[in-house]
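Written below as structure tokens is the structure these notes are about.
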Amino acid sequence: MADQAQLGLKICAAVCQSWWEGGYVTEAQQWLTRAIDLNSGADSPELGRALWALAAFTSLMGDYTTARTVAIRSANISRRIGEQRELAMALIMQGQAERALGDYQAARQCLEWAISLSRSVHELADEAQGLMELAFLEFLEGNLERRLKLELAVLTIHEEMGDDAGALGSRHNLACTLRLLGRLEEAHEEMRKLIPQVVKVGQFDTRTSLAEDYGALLAELGHHAAAVRLIGAADARRDHSGTHRNSGQEAEVARPFAQLRNALSTETWDREYQRGRAMTVEDALTTAYAAASSGRLDDT
């Protein structure tokens, strides 16, 4: 029975990435919880890994208090058995949750410790993830130039690793930072170039976030109808999957979304929003990309 329970943990660990990329958040939570419950009697690297993965999916569902508790449990197990790589990932997940719950000091401590651990065991991908999370924290604390510097460091790591998917995500984050810095035309050029690649190979949550980020950018550029449709498509996707915008994402898009709502009549907003909800995120992004490429964003 113990061997079967351990096998269940290994299987969950093997398919976590597929769950993440496909947006199967509820299924991931259910299977991970069951596997963890069956293996709660003894510490192991697999148990630590399953717990931080569960923390990640729980955060996607917006339950940051539970995510923090689960991440701390994962970190404690990894400390006891000396698994530095798993400890680093648990600390990153705890840092995410602490940030979402508003404890920025605790979040920074977790993330800086995770980055240090990742460097000590030469886990470049984990170091990049820790730096990316730290960049979000810098934004929330009003340090946009520091965020830009960290994101450039993350992009360099992904390029040195030959990690095309990671580099794609880094360029997405950089485009968002350019928008926040008021460099709207630069941000538009960078974000528009990302769309075909993200639609083709981007992860489920990445595509949804890009629709929100491009919607925020188009709102600031005055392309109101196209922006509302992207918001509608993203909201429909999140409603269907049961996921939520994390606190960092919400903070980035809240102001342009509110300004957009105030700029339009209720009738126009409702019409375009429902048009967006009837589209997939991928179709909404592709339609906006085609319109931007032809200079006809205001005609769609």
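Residues in the structure tokens are numbered from 1 in each chain, the chains being A, B, ... in the order shown, and ligands are numbered from 1 in the order shown.
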
Extract, using only C-alpha atoms, all DNA, RNA and protein residues at most 10 Å from Glu138 (chain A), discarding same-chain residues fewer than 4 positions from it, and format them as a CSV table (one decimal) with C-alpha atoms, in the first residue's frame.
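As written to disk, result.csv reads:
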```
chain,number,residue,atom,x,y,z
A,104,TYR,CA,5.6,42.2,1.6
A,108,ARG,CA,10.8,39.3,0.2
A,132,MET,CA,10.5,37.1,-11.5
A,133,GLU,CA,8.4,36.9,-8.4
A,134,LEU,CA,10.7,39.5,-6.7
A,142,GLY,CA,6.5,51.2,-6.4
A,143,ASN,CA,10.0,50.3,-7.7
A,144,LEU,CA,9.4,50.1,-11.5
A,145,GLU,CA,13.0,50.7,-12.5
A,146,ARG,CA,14.2,47.9,-10.1
A,147,ARG,CA,11.5,45.7,-11.6
A,148,LEU,CA,12.8,46.4,-15.1
A,150,LEU,CA,15.2,42.2,-12.5
```

All alpha helix (DSSP H) positions in region 121-250 of chain A, as a ChimeraX atom specification: /A:124-140,144-161,164-180,184-201,204-221,224-241,247-250

Test item: residues at most 10 Å from Lys193 (chain A), only C-alpha atoms, excluding those fewer than 6 positions along its chain, as a PyMOL selection string: chain A and resi 171-172+289+293

Residues near Arg255 (chain A), anyone? I mean within 12 Å using only C-alpha atoms, not counting same-chain ones fewer than 5 positions away, as an mmCIF file with C-alpha atoms, in the first residue's frame.
```
data_model
loop_
_atom_site.group_PDB
_atom_site.id
_atom_site.type_symbol
_atom_site.label_atom_id
_atom_site.label_comp_id
_atom_site.auth_asym_id
_atom_site.auth_seq_id
_atom_site.Cartn_x
_atom_site.Cartn_y
_atom_site.Cartn_z
ATOM 1 C CA LEU A 180 3.604 50.830 -16.463
ATOM 2 C CA ASP A 213 -2.394 42.862 -20.310
ATOM 3 C CA GLY A 215 -6.490 44.860 -23.052
ATOM 4 C CA ALA A 216 -4.997 47.202 -20.436
ATOM 5 C CA LEU A 217 -2.493 48.534 -22.974
ATOM 6 C CA ALA A 219 -7.309 50.857 -23.151
ATOM 7 C CA GLU A 220 -4.496 53.289 -22.402
ATOM 8 C CA GLN A 249 -1.891 41.015 -12.060
ATOM 9 C CA GLU A 250 -4.915 42.709 -10.522
ATOM 10 C CA LEU A 260 -12.032 52.091 -19.647
ATOM 11 C CA ARG A 261 -15.326 51.311 -17.937
ATOM 12 C CA ASN A 262 -15.823 55.006 -17.161
#
```

Gap from CA of Leu91 (chain A) to CA of Ile72 (chain A) - Å, one decimal: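 Computed distance, CA of Leu91 (chain A) to CA of Ile72 (chain A), equals 7.6 Å.
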
Proximity to Val121 (chain A) - best of A:Val15, A:Arg238, A:Glu83, A:Leu38, only C-alpha atoms: A:Glu83

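Minimum atom-to-atom distance to Ala278 (chain A), evaluated using only C-alpha atoms, belongs to A:Ile231 out of A:Ile231, A:Glu127, A:Ile11, A:Leu218.
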
Name all residues at most 9 Å from Ala106 (chain A) (count only C-alpha atoms; drop same-chain ones fewer than 4 positions away) and give them as a compact mmCIF listing (two decimals) with C-alpha atoms, in the first residue's frame.
```
# COMPACT_ATOMS: atom_id res chain seq x y z
CA GLN A 94 5.16 30.84 0.07
CA GLY A 95 6.51 34.16 -1.21
CA GLU A 98 2.67 36.19 1.38
CA ARG A 99 2.72 38.87 -1.31
CA CYS A 110 11.12 34.00 1.21
CA LEU A 111 12.04 35.01 -2.33
```
